[in-house]
>>> print(open('start-v3.cif').read())   # mmCIF, C-alpha atoms and all ligand atoms
data_start
#
loop_
_atom_site.group_PDB
_atom_site.id
_atom_site.type_symbol
_atom_site.label_atom_id
_atom_site.label_comp_id
_atom_site.auth_asym_id
_atom_site.auth_seq_id
_atom_site.Cartn_x
_atom_site.Cartn_y
_atom_site.Cartn_z
ATOM 1 C CA MET G 1 0.000 0.000 0.000
ATOM 2 C CA GLN G 2 1.123 3.542 -0.730
ATOM 3 C CA ARG G 3 1.716 5.891 2.201
ATOM 4 C CA LYS G 4 -1.294 8.116 1.399
ATOM 5 C CA GLU G 5 -3.524 5.071 1.155
ATOM 6 C CA ILE G 6 -2.265 3.801 4.519
ATOM 7 C CA GLU G 7 -2.850 7.209 6.110
ATOM 8 C CA LYS G 8 -6.420 7.383 4.827
ATOM 9 C CA LYS G 9 -7.306 3.945 6.120
ATOM 10 C CA LEU G 10 -5.482 4.563 9.385
ATOM 11 C CA GLU G 11 -7.360 7.806 10.046
ATOM 12 C CA LYS G 12 -10.655 5.914 9.863
ATOM 13 C CA MET G 13 -9.345 3.421 12.409
ATOM 14 C CA ILE G 14 -7.619 5.678 14.939
ATOM 15 C CA GLY G 15 -8.852 9.236 14.267
ATOM 16 C CA ARG G 16 -7.118 12.443 13.215
ATOM 17 C CA GLU G 17 -5.129 13.126 16.387
ATOM 18 C CA ARG G 18 -3.534 9.688 16.556
ATOM 19 C CA LEU G 19 -2.883 9.806 12.822
ATOM 20 C CA LEU G 20 -0.896 13.022 13.293
ATOM 21 C CA HIS G 21 1.090 11.357 16.098
ATOM 22 C CA SER G 22 1.730 8.362 13.816
ATOM 23 C CA ILE G 23 2.878 10.585 10.938
ATOM 24 C CA GLY G 24 5.243 12.310 13.375
ATOM 25 C CA VAL G 25 6.609 8.929 14.484
ATOM 26 C CA ALA G 26 7.015 7.791 10.845
ATOM 27 C CA ASP G 27 8.925 10.958 9.911
ATOM 28 C CA VAL G 28 11.223 10.852 12.944
ATOM 29 C CA ALA G 29 11.777 7.102 12.451
ATOM 30 C CA ALA G 30 12.702 7.618 8.787
ATOM 31 C CA ASP G 31 15.146 10.334 9.804
ATOM 32 C CA LEU G 32 16.770 8.180 12.508
ATOM 33 C CA ALA G 33 16.968 5.244 10.092
ATOM 34 C CA VAL G 34 19.036 7.299 7.661
ATOM 35 C CA ILE G 35 21.337 8.506 10.454
ATOM 36 C CA HIS G 36 21.875 5.042 11.929
ATOM 37 C CA GLY G 37 22.018 3.013 8.714
ATOM 38 C CA CYS G 38 18.705 1.250 9.144
ATOM 39 C CA ASP G 39 16.072 0.624 6.429
ATOM 40 C CA ARG G 40 14.247 3.926 5.876
ATOM 41 C CA GLU G 41 11.148 2.450 4.230
ATOM 42 C CA LYS G 42 10.664 -0.100 6.973
ATOM 43 C CA ALA G 43 11.086 2.576 9.646
ATOM 44 C CA GLN G 44 8.501 4.763 7.950
ATOM 45 C CA THR G 45 5.928 1.966 7.626
ATOM 46 C CA ALA G 46 6.461 0.694 11.175
ATOM 47 C CA GLY G 47 6.187 4.254 12.514
ATOM 48 C CA LEU G 48 3.002 4.922 10.628
ATOM 49 C CA LEU G 49 1.330 1.711 11.759
ATOM 50 C CA HIS G 50 2.714 1.305 15.304
ATOM 51 C CA ASP G 51 -0.527 2.502 16.980
ATOM 52 C CA CYS G 52 -3.009 1.041 14.471
ATOM 53 C CA ALA G 53 -4.716 -0.960 17.262
ATOM 54 C CA LYS G 54 -4.836 1.950 19.694
ATOM 55 C CA ALA G 55 -8.550 2.706 19.257
ATOM 56 C CA LEU G 56 -9.735 -0.857 19.903
ATOM 57 C CA THR G 57 -11.439 -1.620 23.215
ATOM 58 C CA PRO G 58 -9.681 -4.093 25.548
ATOM 59 C CA GLU G 59 -12.539 -6.516 24.781
ATOM 60 C CA ASP G 60 -11.965 -6.292 21.029
ATOM 61 C CA MET G 61 -8.233 -6.720 21.533
ATOM 62 C CA MET G 62 -8.812 -9.821 23.657
ATOM 63 C CA LYS G 63 -11.135 -11.217 20.952
ATOM 64 C CA LEU G 64 -8.442 -10.763 18.302
ATOM 65 C CA ILE G 65 -5.808 -12.223 20.586
ATOM 66 C CA SER G 66 -7.839 -15.373 21.119
ATOM 67 C CA SER G 67 -8.960 -15.730 17.484
ATOM 68 C CA GLU G 68 -5.334 -15.375 16.341
ATOM 69 C CA GLY G 69 -4.059 -17.664 19.090
ATOM 70 C CA LEU G 70 -1.630 -14.987 20.253
ATOM 71 C CA ALA G 71 0.113 -15.846 23.512
ATOM 72 C CA ILE G 72 -0.021 -13.012 26.012
ATOM 73 C CA ASP G 73 1.349 -13.079 29.521
ATOM 74 C CA GLU G 74 -0.213 -12.125 32.841
ATOM 75 C CA GLU G 75 1.583 -8.782 32.951
ATOM 76 C CA GLU G 76 -0.035 -7.823 29.631
ATOM 77 C CA ARG G 77 -3.415 -9.008 30.821
ATOM 78 C CA LEU G 78 -3.114 -6.859 33.954
ATOM 79 C CA GLU G 79 -1.901 -3.834 32.007
ATOM 80 C CA PRO G 80 -4.145 -3.701 28.897
ATOM 81 C CA GLY G 81 -2.436 -0.493 27.728
ATOM 82 C CA LEU G 82 0.360 -2.757 26.540
ATOM 83 C CA LEU G 83 -1.837 -4.914 24.316
ATOM 84 C CA HIS G 84 -2.193 -2.481 21.415
ATOM 85 C CA ALA G 85 1.408 -3.272 20.458
ATOM 86 C CA PRO G 86 1.108 -7.035 19.761
ATOM 87 C CA VAL G 87 -2.445 -6.536 18.460
ATOM 88 C CA GLY G 88 -1.141 -3.731 16.229
ATOM 89 C CA ALA G 89 1.226 -6.207 14.591
ATOM 90 C CA ILE G 90 -1.750 -8.470 13.792
ATOM 91 C CA ILE G 91 -3.736 -5.580 12.275
ATOM 92 C CA ALA G 92 -0.724 -4.323 10.312
ATOM 93 C CA SER G 93 -0.475 -7.761 8.782
ATOM 94 C CA LYS G 94 -4.187 -8.512 8.278
ATOM 95 C CA SER G 95 -5.539 -5.093 7.316
ATOM 96 C CA PHE G 96 -2.522 -3.386 5.778
ATOM 97 C CA GLY G 97 -0.853 -6.402 4.182
ATOM 98 C CA VAL G 98 2.472 -5.964 5.963
ATOM 99 C CA GLU G 99 4.445 -9.191 5.728
ATOM 100 C CA ASP G 100 7.851 -7.960 6.748
ATOM 101 C CA ARG G 101 8.780 -9.586 10.063
ATOM 102 C CA ASP G 102 11.102 -6.741 11.107
ATOM 103 C CA ILE G 103 8.275 -4.216 10.790
ATOM 104 C CA LEU G 104 5.783 -6.445 12.605
ATOM 105 C CA ARG G 105 8.242 -7.111 15.419
ATOM 106 C CA ALA G 106 9.032 -3.401 15.859
ATOM 107 C CA ILE G 107 5.288 -2.681 16.143
ATOM 108 C CA ALA G 108 4.771 -5.559 18.594
ATOM 109 C CA ARG G 109 7.648 -4.379 20.808
ATOM 110 C CA HIS G 110 7.043 -0.641 20.790
ATOM 111 C CA THR G 111 5.517 -0.307 24.260
ATOM 112 C CA THR G 112 7.868 -2.483 26.291
ATOM 113 C CA GLY G 113 10.993 -2.948 24.221
ATOM 114 C CA ASP G 114 12.635 -6.368 24.519
ATOM 115 C CA SER G 115 15.982 -8.016 24.969
ATOM 116 C CA ASP G 116 17.950 -8.125 21.739
ATOM 117 C CA MET G 117 16.236 -5.106 20.148
ATOM 118 C CA THR G 118 17.063 -4.505 16.495
ATOM 119 C CA CYS G 119 17.975 -1.116 15.073
ATOM 120 C CA LEU G 120 14.399 -0.820 13.787
ATOM 121 C CA ASP G 121 12.919 -1.761 17.186
ATOM 122 C CA LYS G 122 14.994 0.931 18.876
ATOM 123 C CA ILE G 123 14.098 3.564 16.309
ATOM 124 C CA ILE G 124 10.351 2.984 16.639
ATOM 125 C CA TYR G 125 10.550 2.825 20.437
ATOM 126 C CA LEU G 126 12.332 6.185 20.473
ATOM 127 C CA ALA G 127 10.411 7.905 17.687
ATOM 128 C CA ASP G 128 7.169 7.188 19.561
ATOM 129 C CA ALA G 129 8.492 9.277 22.454
ATOM 130 C CA ILE G 130 10.219 12.101 20.599
ATOM 131 C CA GLU G 131 7.972 12.909 17.614
ATOM 132 C CA PRO G 132 7.385 16.674 17.408
ATOM 133 C CA GLY G 133 4.010 16.517 19.193
ATOM 134 C CA ARG G 134 5.586 15.171 22.385
ATOM 135 C CA THR G 135 6.514 17.647 25.070
ATOM 136 C CA PHE G 136 8.061 16.566 28.342
ATOM 137 C CA PRO G 137 11.038 17.746 30.363
ATOM 138 C CA GLY G 138 14.158 16.348 28.708
ATOM 139 C CA ALA G 139 12.470 15.721 25.335
ATOM 140 C CA ASP G 140 14.948 17.875 23.415
ATOM 141 C CA GLU G 141 17.898 16.211 25.143
ATOM 142 C CA LEU G 142 16.493 12.813 24.153
ATOM 143 C CA ARG G 143 15.958 14.040 20.560
ATOM 144 C CA LYS G 144 19.602 15.074 20.310
ATOM 145 C CA LEU G 145 20.877 11.882 21.935
ATOM 146 C CA SER G 146 18.748 9.745 19.582
ATOM 147 C CA ARG G 147 20.629 11.179 16.633
ATOM 148 C CA ARG G 148 24.019 10.750 18.278
ATOM 149 C CA ASP G 149 23.810 7.402 20.110
ATOM 150 C CA LEU G 150 20.824 5.119 19.637
ATOM 151 C CA ASP G 151 21.598 2.749 22.520
ATOM 152 C CA GLU G 152 22.229 5.526 25.013
ATOM 153 C CA ALA G 153 18.973 7.173 23.965
ATOM 154 C CA VAL G 154 17.006 3.930 24.400
ATOM 155 C CA LEU G 155 18.561 3.488 27.853
ATOM 156 C CA MET G 156 17.580 7.033 28.817
ATOM 157 C CA LEU G 157 14.009 6.496 27.643
ATOM 158 C CA GLN G 158 13.753 3.137 29.410
ATOM 159 C CA GLU G 159 14.904 4.706 32.651
ATOM 160 C CA ARG G 160 12.391 7.507 32.293
ATOM 161 C CA THR G 161 9.623 4.966 31.631
ATOM 162 C CA ILE G 162 10.633 2.746 34.553
ATOM 163 C CA ASN G 163 10.742 5.772 36.883
ATOM 164 C CA ARG G 164 7.259 6.832 35.808
ATOM 165 C CA LEU G 165 5.892 3.334 36.336
ATOM 166 C CA LEU G 166 7.504 3.138 39.791
ATOM 167 C CA HIS G 167 5.889 6.436 40.759
ATOM 168 C CA ARG G 168 2.517 5.245 39.491
ATOM 169 C CA ARG G 169 3.013 1.921 41.243
ATOM 170 C CA THR G 170 1.982 0.007 38.155
ATOM 171 C CA ILE G 171 3.376 -3.203 36.762
ATOM 172 C CA ILE G 172 6.687 -2.954 34.933
ATOM 173 C CA HIS G 173 6.662 -5.527 32.171
ATOM 174 C CA SER G 174 9.532 -8.016 32.404
ATOM 175 C CA ARG G 175 10.449 -7.254 28.754
ATOM 176 C CA THR G 176 11.105 -3.626 29.746
ATOM 177 C CA ILE G 177 13.555 -4.799 32.408
ATOM 178 C CA ALA G 178 15.068 -7.350 29.993
ATOM 179 C CA ALA G 179 15.508 -4.644 27.367
ATOM 180 C CA ARG G 180 17.337 -2.382 29.793
ATOM 181 C CA ASN G 181 19.557 -5.162 31.150
ATOM 182 C CA ASP G 182 20.436 -6.262 27.642
ATOM 183 C CA LEU G 183 21.504 -2.772 26.621
ATOM 184 C CA LEU G 184 23.430 -2.247 29.837
ATOM 185 C CA LYS G 185 25.318 -5.526 29.323
ATOM 186 C CA ARG G 186 26.273 -4.493 25.789
ATOM 187 C CA HIS G 187 27.305 -1.103 27.110
ATOM 188 C CA MET G 188 29.537 -2.743 29.754
ATOM 189 C CA HIS G 189 31.118 -5.079 27.176
ATOM 190 C CA ARG G 190 31.823 -2.118 24.926
ATOM 191 C CA ARG G 191 33.614 -0.369 27.746
ATOM 192 C CA GLY G 192 35.479 -3.598 28.615
HETATM 193 FE FE FE G 201 1.609 2.857 21.239
HETATM 194 FE FE FE G 202 2.474 5.914 19.722
#
>>> encode(input="start-v3.cif", output="structure tokens", more="lines below")
Ligand SMILES: [Fe+2]
Ligand SMILES: [Fe+2]
Amino acid sequence: MQRKEIEKKLEKMIGRERLLHSIGVADVAADLAVIHGCDREKAQTAGLLHDCAKALTPEDMMKLISSEGLAIDEEERLEPGLLHAPVGAIIASKSFGVEDRDILRAIARHTTGDSDMTCLDKIIYLADAIEPGRTFPGADELRKLSRRDLDEAVLMLQERTINRLLHRRTIIHSRTIAARNDLLKRHMHRRG
């Protein structure tokens, strides 16, 4: 599907405001992909579609999860805000014809991250937080760091996310912890 066609269909599914967020994520992701030597087209498509399941009710998401036989864990069940990521990968495949596994995985991982994140995973995870519509203290610092050092930027964002979840006393998904540990280990190996 062409980008304009995707945008039109997406707007019907998630509304104007979320479409604008998604366009912002796609543009930032494409930019980061060029900087960090990742596939630009894939980054753009994954960015555009990452929230395609966002407007579904938890009930509808659970229906899709069971009809597709998708395995979800207890942490995801207790924190339904996380489900739009794996469900988004299903919709990207079924409704938008995306077959590329890298794109589908980046969509599925965009809320929690995971151990062994690919360049595309990291780019989508970051672009979601730093697209131009996002304003939070430290956003500009994270924008600059994302262009300079992808891993350091992901670590910074993970720490911000974990801090927020601790303050809210909500469940921190084990993949978020695994993602951070994985990056820290690589960081330590790099430094010897
Ligand atoms: Fe999302
Ligand atoms: Fe998003």
>>> resolve_selection(input="start-v3.cif", expression="the PyMOL selection byres (((not hetatm)) within 7 of (chain G and resi 201))", output="list of chain:residue names")
G:His50, G:Asp51, G:Lys54, G:His84, G:Ala85, G:His110, G:Thr111
>>> atom_distance(input="start-v3.cif", atom1="CA of Leu83 (chain G)", atom2="CA of Met61 (chain G)")
7.2 Å
>>> residues_near_ligand(input="start-v3.cif", ligand="ligand FE 202 (chain G)", cutoff="10 Å", atoms="all atoms listed in the file", output="MDAnalysis selection string")
chainID G and resid 18:19 21:25 47:52 54 84:85 107 110:111 124:131
>>> write_last_selection(input="start-v3.cif", atoms="C-alpha atoms", output="mmCIF file, in the frame of the given file")
data_model
loop_
_atom_site.group_PDB
_atom_site.id
_atom_site.type_symbol
_atom_site.label_atom_id
_atom_site.label_comp_id
_atom_site.auth_asym_id
_atom_site.auth_seq_id
_atom_site.Cartn_x
_atom_site.Cartn_y
_atom_site.Cartn_z
ATOM 1 C CA ARG G 18 -3.534 9.688 16.556
ATOM 2 C CA LEU G 19 -2.883 9.806 12.822
ATOM 3 C CA HIS G 21 1.090 11.357 16.098
ATOM 4 C CA SER G 22 1.730 8.362 13.816
ATOM 5 C CA ILE G 23 2.878 10.585 10.938
ATOM 6 C CA GLY G 24 5.243 12.310 13.375
ATOM 7 C CA VAL G 25 6.609 8.929 14.484
ATOM 8 C CA GLY G 47 6.187 4.254 12.514
ATOM 9 C CA LEU G 48 3.002 4.922 10.628
ATOM 10 C CA LEU G 49 1.330 1.711 11.759
ATOM 11 C CA HIS G 50 2.714 1.305 15.304
ATOM 12 C CA ASP G 51 -0.527 2.502 16.980
ATOM 13 C CA CYS G 52 -3.009 1.041 14.471
ATOM 14 C CA LYS G 54 -4.836 1.950 19.694
ATOM 15 C CA HIS G 84 -2.193 -2.481 21.415
ATOM 16 C CA ALA G 85 1.408 -3.272 20.458
ATOM 17 C CA ILE G 107 5.288 -2.681 16.143
ATOM 18 C CA HIS G 110 7.043 -0.641 20.790
ATOM 19 C CA THR G 111 5.517 -0.307 24.260
ATOM 20 C CA ILE G 124 10.351 2.984 16.639
ATOM 21 C CA TYR G 125 10.550 2.825 20.437
ATOM 22 C CA LEU G 126 12.332 6.185 20.473
ATOM 23 C CA ALA G 127 10.411 7.905 17.687
ATOM 24 C CA ASP G 128 7.169 7.188 19.561
ATOM 25 C CA ALA G 129 8.492 9.277 22.454
ATOM 26 C CA ILE G 130 10.219 12.101 20.599
ATOM 27 C CA GLU G 131 7.972 12.909 17.614
#
>>> closest_residue(input="start-v3.cif", among="G:Ile65, G:Leu142, G:Ala89, G:Ala55", to="Glu11 (chain G)", atoms="all atoms listed in the file")
G:Ala55
>>> residues_around(input="start-v3.cif", residues="Ala53 (chain G)", least_positions_apart="5", cutoff="7 Å", atoms="only C-alpha atoms", output="JSON list (two decimals) with C-alpha atoms, in the coordinates of the input")
[["chain", "number", "residue", "atom", "x", "y", "z"],
["G", 84, "HIS", "CA", -2.19, -2.48, 21.42],
["G", 87, "VAL", "CA", -2.44, -6.54, 18.46],
["G", 88, "GLY", "CA", -1.14, -3.73, 16.23],
["G", 91, "ILE", "CA", -3.74, -5.58, 12.28]]
>>> atom_distance(input="start-v3.cif", atom1="CA of Leu145 (chain G)", atom2="CA of Ile177 (chain G)")
21.0 Å
>>> atom_distance(input="start-v3.cif", atom1="CA of Lys122 (chain G)", atom2="CA of Gly69 (chain G)")
26.6 Å
>>> residues_around(input="start-v3.cif", residues="Leu120 (chain G)", least_positions_apart="5", cutoff="9 Å", atoms="all atoms listed in the file", output="list in words")
Ala29, Ala33, Cys38, Asp39, Lys42, Ala43, Ala46, Asp102, Ile103, Arg105, Ala106 and Tyr125 of chain G
>>> residues_around(input="start-v3.cif", residues="region 153-164 of chain G", least_positions_apart="3", cutoff="9 Å", atoms="all atoms listed in the file", output="PDB file with C-alpha atoms, in the frame of the given file")
ATOM      1  CA  THR G 112       7.868  -2.483  26.291  1.00  0.00           C
ATOM      2  CA  GLY G 113      10.993  -2.948  24.221  1.00  0.00           C
ATOM      3  CA  LYS G 122      14.994   0.931  18.876  1.00  0.00           C
ATOM      4  CA  ILE G 123      14.098   3.564  16.309  1.00  0.00           C
ATOM      5  CA  TYR G 125      10.550   2.825  20.437  1.00  0.00           C
ATOM      6  CA  LEU G 126      12.332   6.185  20.473  1.00  0.00           C
ATOM      7  CA  ALA G 129       8.492   9.277  22.454  1.00  0.00           C
ATOM      8  CA  LEU G 142      16.493  12.813  24.153  1.00  0.00           C
ATOM      9  CA  ARG G 143      15.958  14.040  20.560  1.00  0.00           C
ATOM     10  CA  LYS G 144      19.602  15.074  20.310  1.00  0.00           C
ATOM     11  CA  LEU G 145      20.877  11.882  21.935  1.00  0.00           C
ATOM     12  CA  SER G 146      18.748   9.745  19.582  1.00  0.00           C
ATOM     13  CA  ARG G 147      20.629  11.179  16.633  1.00  0.00           C
ATOM     14  CA  ARG G 148      24.019  10.750  18.278  1.00  0.00           C
ATOM     15  CA  ASP G 149      23.810   7.402  20.110  1.00  0.00           C
ATOM     16  CA  LEU G 150      20.824   5.119  19.637  1.00  0.00           C
ATOM     17  CA  HIS G 167       5.889   6.436  40.759  1.00  0.00           C
ATOM     18  CA  ARG G 168       2.517   5.245  39.491  1.00  0.00           C
ATOM     19  CA  ARG G 169       3.013   1.921  41.243  1.00  0.00           C
ATOM     20  CA  THR G 170       1.982   0.007  38.155  1.00  0.00           C
ATOM     21  CA  ILE G 172       6.687  -2.954  34.933  1.00  0.00           C
ATOM     22  CA  THR G 176      11.105  -3.626  29.746  1.00  0.00           C
ATOM     23  CA  ILE G 177      13.555  -4.799  32.408  1.00  0.00           C
ATOM     24  CA  ALA G 179      15.508  -4.644  27.367  1.00  0.00           C
ATOM     25  CA  ARG G 180      17.337  -2.382  29.793  1.00  0.00           C
ATOM     26  CA  LEU G 183      21.504  -2.772  26.621  1.00  0.00           C
ATOM     27  CA  LEU G 184      23.430  -2.247  29.837  1.00  0.00           C
TER      28      LEU G 184
END
>>> axis_aligned_box(input="start-v3.cif", around="region 131-136 of chain G", padding_each_side="6 Å", output="JSON")
{"center_x": 6.0, "center_y": 15.3, "center_z": 22.9, "size_x": 16.1, "size_y": 16.7, "size_z": 22.9}
>>> closest_residue(input="start-v3.cif", among="G:Asp151, G:Arg3, G:Leu20, G:Asp121", to="Arg190 (chain G)", atoms="only C-alpha atoms")
G:Asp151
>>> residues_around(input="start-v3.cif", residues="region 93-98 of chain G", least_positions_apart="5", cutoff="8 Å", atoms="all atoms listed in the file", output="ChimeraX atom specification")
/G:1,6,103-104
>>> decode(input="start-v3.cif", residues="region 170-182 of chain G", atoms="N, CA and C atoms", output="PDB file, in the first residue's frame")
ATOM      1  N   THR G 170       2.596   0.970  39.075  1.00  0.00           N
ATOM      2  CA  THR G 170       1.982   0.007  38.155  1.00  0.00           C
ATOM      3  C   THR G 170       3.016  -1.055  37.772  1.00  0.00           C
ATOM      4  N   ILE G 171       2.515  -2.084  37.133  1.00  0.00           N
ATOM      5  CA  ILE G 171       3.376  -3.203  36.762  1.00  0.00           C
ATOM      6  C   ILE G 171       4.411  -2.778  35.717  1.00  0.00           C
ATOM      7  N   ILE G 172       5.642  -3.176  35.940  1.00  0.00           N
ATOM      8  CA  ILE G 172       6.687  -2.954  34.933  1.00  0.00           C
ATOM      9  C   ILE G 172       6.859  -4.280  34.208  1.00  0.00           C
ATOM     10  N   HIS G 173       6.604  -4.266  32.904  1.00  0.00           N
ATOM     11  CA  HIS G 173       6.662  -5.527  32.171  1.00  0.00           C
ATOM     12  C   HIS G 173       8.093  -6.083  32.181  1.00  0.00           C
ATOM     13  N   SER G 174       8.193  -7.403  32.321  1.00  0.00           N
ATOM     14  CA  SER G 174       9.532  -8.016  32.404  1.00  0.00           C
ATOM     15  C   SER G 174      10.360  -7.762  31.136  1.00  0.00           C
ATOM     16  N   ARG G 175       9.681  -7.550  29.981  1.00  0.00           N
ATOM     17  CA  ARG G 175      10.449  -7.254  28.754  1.00  0.00           C
ATOM     18  C   ARG G 175      11.134  -5.880  28.848  1.00  0.00           C
ATOM     19  N   THR G 176      10.499  -4.955  29.576  1.00  0.00           N
ATOM     20  CA  THR G 176      11.105  -3.626  29.746  1.00  0.00           C
ATOM     21  C   THR G 176      12.400  -3.758  30.547  1.00  0.00           C
ATOM     22  N   ILE G 177      12.358  -4.570  31.586  1.00  0.00           N
ATOM     23  CA  ILE G 177      13.555  -4.799  32.408  1.00  0.00           C
ATOM     24  C   ILE G 177      14.607  -5.547  31.569  1.00  0.00           C
ATOM     25  N   ALA G 178      14.135  -6.558  30.818  1.00  0.00           N
ATOM     26  CA  ALA G 178      15.068  -7.350  29.993  1.00  0.00           C
ATOM     27  C   ALA G 178      15.743  -6.462  28.954  1.00  0.00           C
ATOM     28  N   ALA G 179      14.968  -5.547  28.386  1.00  0.00           N
ATOM     29  CA  ALA G 179      15.508  -4.644  27.367  1.00  0.00           C
ATOM     30  C   ALA G 179      16.605  -3.772  27.965  1.00  0.00           C
ATOM     31  N   ARG G 180      16.345  -3.256  29.147  1.00  0.00           N
ATOM     32  CA  ARG G 180      17.337  -2.382  29.793  1.00  0.00           C
ATOM     33  C   ARG G 180      18.592  -3.177  30.163  1.00  0.00           C
ATOM     34  N   ASN G 181      18.393  -4.354  30.763  1.00  0.00           N
ATOM     35  CA  ASN G 181      19.557  -5.162  31.150  1.00  0.00           C
ATOM     36  C   ASN G 181      20.405  -5.527  29.939  1.00  0.00           C
ATOM     37  N   ASP G 182      19.731  -5.874  28.853  1.00  0.00           N
ATOM     38  CA  ASP G 182      20.436  -6.262  27.642  1.00  0.00           C
ATOM     39  C   ASP G 182      21.313  -5.111  27.131  1.00  0.00           C
TER      40      ASP G 182
END
